[in-house]
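S.K.: One structure, pasted below without further comment.
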Amino acid sequence: MTESVISFVGIWSSIIAAGVFLYVLLDGFDLWIGILYGFAADPGDRELMMNSIAPVWDGNETWLVFGGLALIAVFPLAFAIILPAVYFPILIMLVALAFRGVAFAFRFQDPGGRAFWDRAFHYGSLVATFAQGMVLGAFIQGFRVEGRQFAGGSFDFLTPFSVLTGVALVFGYALLGAGWLIMKTDGALQDWARRAGRVCLLVVLIGVVMVYVWTPLLEPTVARRWMSWPDVLFQVPVALLTVAACLWEWRVLGGSKDAAPFAVAITLFLLSYLGLAISLWPMVVPYHFTLWQAASSPSTQAFLLVGTLFMLPVILMYSGWSYWVFRGKVRRDLGYH
Amino acid sequence: MSLNPVLLSRLQFAWVIGWHILLPAFTVGVASSIALLEGLHLYTGREVYLRVSNFWIRIFAVAFGMGVVTGVVMPFQFGTNWSRLSDVAANVIGPLLAYEGLLAFFLEAGFLGVLLFGRTLVPPWAHFVAALMVAVGTLISSFWILAANSWMQTPAGYTIVDGRFYPADWGHVVFNPSFPYRLAHTVLAFFITSAFVVMGVGAYTIRHTRFADEGRVMVTTALSLLTMLVPLQVIAGDQHGLNTLQYQPAKIAAIEARWDTTSGFPLTLFAWPDEAAETNHYALDVPYLGSLILTHSRDGSIKGLKEFAPEERPPVPIVFFAFRIMVGAGVLMLVLIVAGCVLRGLGRLFTSDWYLRACQLAIPLGFLAVLAGWTVTEVGRQPWTVYGLLRTADSLTPSLSVPDVLVSLFLYGVAYLVIYPTGFLFMLRLVRNGPGEAQAVTKAPVQAGRPASPIQDLAPLPRPRGLP
C-alpha cells in the first residue's frame, strides 16, 4: 500500500461521511415532516408542511443515492457485504421512500384519494426512517463474513439492538423536527413542540445510552477500544459532550430561545455520529474489513476524486441557490400574514 | 426452469429496470422540449410557447417524481442482489455509476424545484437556465449509465487480477467499443419516444379540447423532429447491429435465429425458434436479405448458434421476438412519419381526422420499441453480466434464498403496480384538461401537484392529537 492510496482513502472517507451526515440532516428533516404530518389534523396545515419541502426533497434524497454510489466506487467490498446483510431493511426503505416520494405529486392530483396518499406520505416517512435506523443497528452489531462475501442469513439484521436503533432514529429525527417547529412557529403549537421535543429527547437519550452500553457488550473489539489508552482520550470527551448536549437541549427546550433547540439537536446528532465513528474506526465492514482493506484501486479512487472535488462545490452552490430562491418566498409570504 | 435465486433476481431486475426505463424514455425528450419551448418563448415572446411549456411541465412533474423514486431503487440492486458483480467489477464500473449521480442527479434535482415552482420567483432567463440544466442533466445521466452498461456488454480497458477487474485505461473503459453506438441508438430512441407522445397528445388536444393552437404547435414541432430522427435512427440501429455482430456474435445469431453458419443467408421475418431441436419452425424467409443487411454483401456469412456451446447462448426465442417487436414498431413509426409529411405537403395535416387519431394510437409505440430493444440487448448478453468474462449465475449475492427474493419481488411488484397506473391516470387527466390559459398558468405555476406558493411559513398548527 502506497502513501497515495492512504491519502485518497482519508479524503474519500471524509467525503462519504460528510455526504451521509448531509443526507441525515436534509432528508432527515423531510422525513421528520412526514412523520409529524400524520399528527397534524388540519388539511391546510398539512399542505403547508408538505409544500415547504416539495421543491427540495428530491435534491435531499439525491445524497442517499450519492452515498450508495460512492460506496460502490470507493469501498466496493463494503457495498458488496453490507447490502446483502441488510437486504430487507433496504427493501423496506426503498419501497417506503417510493411511496413517500410520489405522494408529493399524487396527493394534489387526486382529491378523492388524498387520504390514501396522506397515509403513504406519513407511513412512508416513518417506515423509511425506522428501516434506516435498523441498517445502522445492523452495521454496529457487525456481520458474518466468509472470504469477501456476507455469509449470514437475510434476517440476521433483526435483533433487539437493531430495533432499538430504529426506534432511536425515529425519535432523533422527530427531535430535529421539533426544533425546527419551535424555530418556525409560536403560540400553542410552539408550546406543544417544546413538550414533544422533551419527550423525544428522553427517548433519544435512553437510546444513545443503551447503544453506548450495549455496543461494547456486543463486540469485544469495541470494548477494547473503550478501555484502551489512548483511544479512551477520544471517546470519553465525546461521551461527556453528548451528555452535556442532552442536558443543554433539555434546558433550551424549556427556555425562551427559538433557534437554540434546532441548533443543539444538530450538535447532538453530530456528536452521536462522531462517537460512533470513533467506536468503529477504522472499520467499514464491522468487524472484518478496514476502510483501507475495502477500498477500490487507487486508479478508481483518483478517477472519481478528480470530478468529485470539482463538482461538490458546484453542487453545493446550485443546491444553495435553489434553497435561496424558495427561502425568499418564505419571507414574502410572512409579510402578507 | 425451477425457481432459484438467480432467476428470481433476474426477474426482479427486469421488473424494476423495465418500469424505470419508461420514465427516462419520456423525460429525456420532454425535458429538452421544455427547454426549447422556454427558449422560444424567451426569444419570440409568443404566449403560446409558454402555455405549451407549462402544460408539459405539469406532466413532467408527475413523471419525474416517479422516475426519481424508481431510480433510487436501481443502484441498491447491485448490492442487495448482485453483490458478487459489485465485488468483481466495481473498480471499473463503480465510478461510472457514481459520476452519473455526481454530474446528473444533483443537476436535475437542484434545478427541478426552480423549474416546477420558480416561474414567479426568478427572472425569465433564470427559469430558462433551470429548464436547460434539467435537460442537460437527463442527457448526462444517459451518457454515464450507458457507458457502464456498454462496458458490461463490450468490456475494454481493464486488467484482471485475482479474478477481479481493475481499470487500465479509463478512456477505453468509458469509450468501450459498443458505447458510441448504444448511446446514439438509445438517446435517439428516447427522443423519438417523447416526440411520439407529444405528437399524439397534440393530436388529442386538437381533436378534443379548445386549445387547437397549442395542439398544432405540438404536432408540427414533433413531426419535424421525427422526420429527422426516425431515418437517423434506422442508420444508427444498423450501425449498432454491425457493432454487435463484431463483438457479440452470439447475440446477433439469436436475433436472427441463425443456427448454422452459412453464406448468403436469408432474413427470417417470422419463425418459431426451437432451442432443443436447434432449428426454426414455420420460418418465413426472404432469401439473401439477411446477408445484405448484416454484412452489406450478398454472400456474406455470420456465425450460427451451433458454433457456440449451448451454455453460452442467450435464450433465443426471447431475443428473436423482442427484436421483431422493436423493428415492427420502427416500421410503423416510419409509415406514420411519411404519411404525416405527405399530408403536411398537401396542407391537410390538421384536417385529416384519421391521421390525428392514428397519432393518438401511436403514443405507446416508442415505449414498446424501447422495452423491446432493451430486452434484446440485455437478454442477448446472457448468460453473462460482463460479456464473455463473468457469468450471471456467478454475479448473484451468495446469501440469498428463494424466499428472500420472492418477498422482495412481491413487494416491488405491488408497489410498482400501485404507483405506475396511478401516475399514468394522473398524466392522462392532465392531458384531458388541456394546456389551459396563460393567465391561470402564471398564477399557479404547477398544478401538477403543487400550488402556487410552495414554501410558506407554517401557520400555527392546531394542537396535534396523540402526543403530549
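Residue numbering restarts at 1 for every chain of the C-alpha cells, chains are lettered A, B, ... in their displayed order, and ligands are numbered from 1 as they appear.
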Counting only C-alpha atoms, what is within 12 Å of range 272-277 of chain B, bar same-chain residues fewer than 2 positions away, as a VMD selection string?

M.R.: chain B and resid 253 to 259 268 to 270 279 to 284 305 to 306 310 to 311 313 to 321

S.K.: List every residue of range 219-309 of chain B that DSSP, applied to the backbone of this structure, places in strand (DSSP E or B), and write the result as number ranges by chain.

M.R.: B: 263, 267-274, 279-286, 301

S.K.: Rank nothing, just name the residue among A:Val20, A:Leu97, A:Ala120, A:Ala223 nearest to Leu136 in chain A, using only C-alpha atoms.

M.R.: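 Closest to Leu136 in chain A of all the choices is A:Val20.
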
S.K.: Looking at A:Ser125, A:Ser297, A:Asn51, A:Gln235, which one is nearest to Leu36 in chain A, with distances taken over only C-alpha atoms?

M.R.: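 Among the listed residues, A:Ser125 lies closest to Leu36 in chain A.
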
S.K.: For Met134 in chain A, find every residue with an atom within 10 Å (counting only C-alpha atoms), except residues of its own chain fewer than 4 positions away, and show them as a CSV table (one decimal) with C-alpha atoms, in the first residue's frame.

M.R.:
```csv
chain,number,residue,atom,x,y,z
A,86,VAL,CA,-29.4,-5.6,5.2
A,88,PHE,CA,-34.8,-6.5,3.9
A,89,PRO,CA,-34.3,-3.1,5.7
A,90,ILE,CA,-33.1,-1.7,2.4
A,128,ALA,CA,-38.1,4.6,5.9
A,129,THR,CA,-36.7,6.2,9.0
A,130,PHE,CA,-37.1,3.1,11.1
A,138,ALA,CA,-27.1,-4.0,11.9
A,139,PHE,CA,-23.9,-2.1,10.9
A,140,ILE,CA,-22.9,-1.6,14.6
A,157,PHE,CA,-30.1,-7.9,11.0
A,158,LEU,CA,-33.3,-8.3,13.1
A,159,THR,CA,-32.2,-8.1,16.7
A,160,PRO,CA,-33.4,-6.2,19.8
A,161,PHE,CA,-30.4,-4.0,19.2
A,162,SER,CA,-31.4,-3.0,15.6
A,163,VAL,CA,-35.0,-2.4,16.7
A,164,LEU,CA,-33.6,-0.1,19.4
A,165,THR,CA,-31.6,1.9,16.9
A,166,GLY,CA,-34.6,2.0,14.6
A,167,VAL,CA,-36.8,3.5,17.3
A,168,ALA,CA,-34.0,5.8,18.4
A,169,LEU,CA,-33.6,7.2,14.9
```

S.K.: State, in Å with one decimal place, the distance from CA of Val325 in chain A to CA of Val73 in chain B.

M.R.: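 So the two atoms, CA of Val325 in chain A and CA of Val73 in chain B, lie 29.5 Å apart.
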
S.K.: Pick from A:Phe143, A:Tyr323, A:Phe269, A:Phe108: nearest to Tyr173 in chain A, with only C-alpha atoms counted?

M.R.: A:Phe269

S.K.: When distances are computed from only C-alpha atoms, which of A:Pro43, A:Gly59, A:Gly142, A:Gly38 shows the smallest separation from Glu108 in chain B?

M.R.: A:Gly59

S.K.: Residues within 10 Å of Val48 in chain B, please, as a list in words. Count only C-alpha atoms; anything in the same chain fewer than 4 positions from it doesn't count.

M.R.: Leu37, Leu40, His41, Val52, Ser53, Asn54, Phe211, Asp213, Glu214, Val217, Pro435, Glu437 and Ala438 of chain B

S.K.: List every residue of range 78-311 of chain B that DSSP, applied to the backbone, labels as helix (DSSP H, G or I), and write the result as a PyMOL selection string.

M.R.: chain B and resi 78-80+83-117+124-153+170-174+179-208+212-247+249-256+289-295+305-307+310-311

S.K.: Rounded to one decimal in Å, what is the spacing between CA of Gln301 in chain A and CA of Pro75 in chain B?

M.R.: 18.5 Å

S.K.: Which one of B:Ala362, B:Ala212, B:Met74, B:Leu8 sits closest to Gly330 in chain B if you count only C-alpha atoms?

M.R.: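 Among the listed residues, the smallest separation from Gly330 in chain B belongs to B:Ala362.
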
S.K.: With a distance cut-off of 12 Å and only C-alpha atoms, select the neighbouring residues of Arg391 in chain B, excluding the residue or stretch itself and same-chain residues fewer than 6 positions from it, and output the selection as a ChimeraX atom specification.

M.R.: /B:6,82,84-85,88,152,311-314,381-385

S.K.: Restricted to C-alpha atoms, what would the selected residues look like written as a PDB file, in the first residue's frame?

M.R.:
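Writing the result to selection-v3.pdb gives the following:
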```
ATOM      1  CA  VAL B   6     -30.671 -16.275  -9.911  1.00  0.00           C
ATOM      2  CA  TRP B  82     -25.759  -8.758  -7.393  1.00  0.00           C
ATOM      3  CA  ARG B  84     -20.553 -10.586  -6.487  1.00  0.00           C
ATOM      4  CA  LEU B  85     -20.824  -8.493  -9.628  1.00  0.00           C
ATOM      5  CA  VAL B  88     -15.702  -8.207  -9.064  1.00  0.00           C
ATOM      6  CA  MET B 152     -20.601  -4.810 -19.354  1.00  0.00           C
ATOM      7  CA  GLU B 311     -24.499 -22.956 -22.184  1.00  0.00           C
ATOM      8  CA  GLU B 312     -23.038 -19.915 -23.953  1.00  0.00           C
ATOM      9  CA  ARG B 313     -26.111 -18.993 -25.965  1.00  0.00           C
ATOM     10  CA  PRO B 314     -28.681 -16.417 -24.950  1.00  0.00           C
ATOM     11  CA  ARG B 381     -25.990 -10.540 -23.335  1.00  0.00           C
ATOM     12  CA  GLN B 382     -26.890 -13.661 -21.352  1.00  0.00           C
ATOM     13  CA  PRO B 383     -25.570 -15.898 -19.900  1.00  0.00           C
ATOM     14  CA  TRP B 384     -23.081 -13.155 -18.959  1.00  0.00           C
ATOM     15  CA  THR B 385     -23.220  -9.995 -16.901  1.00  0.00           C
TER      16      THR B 385
END
```
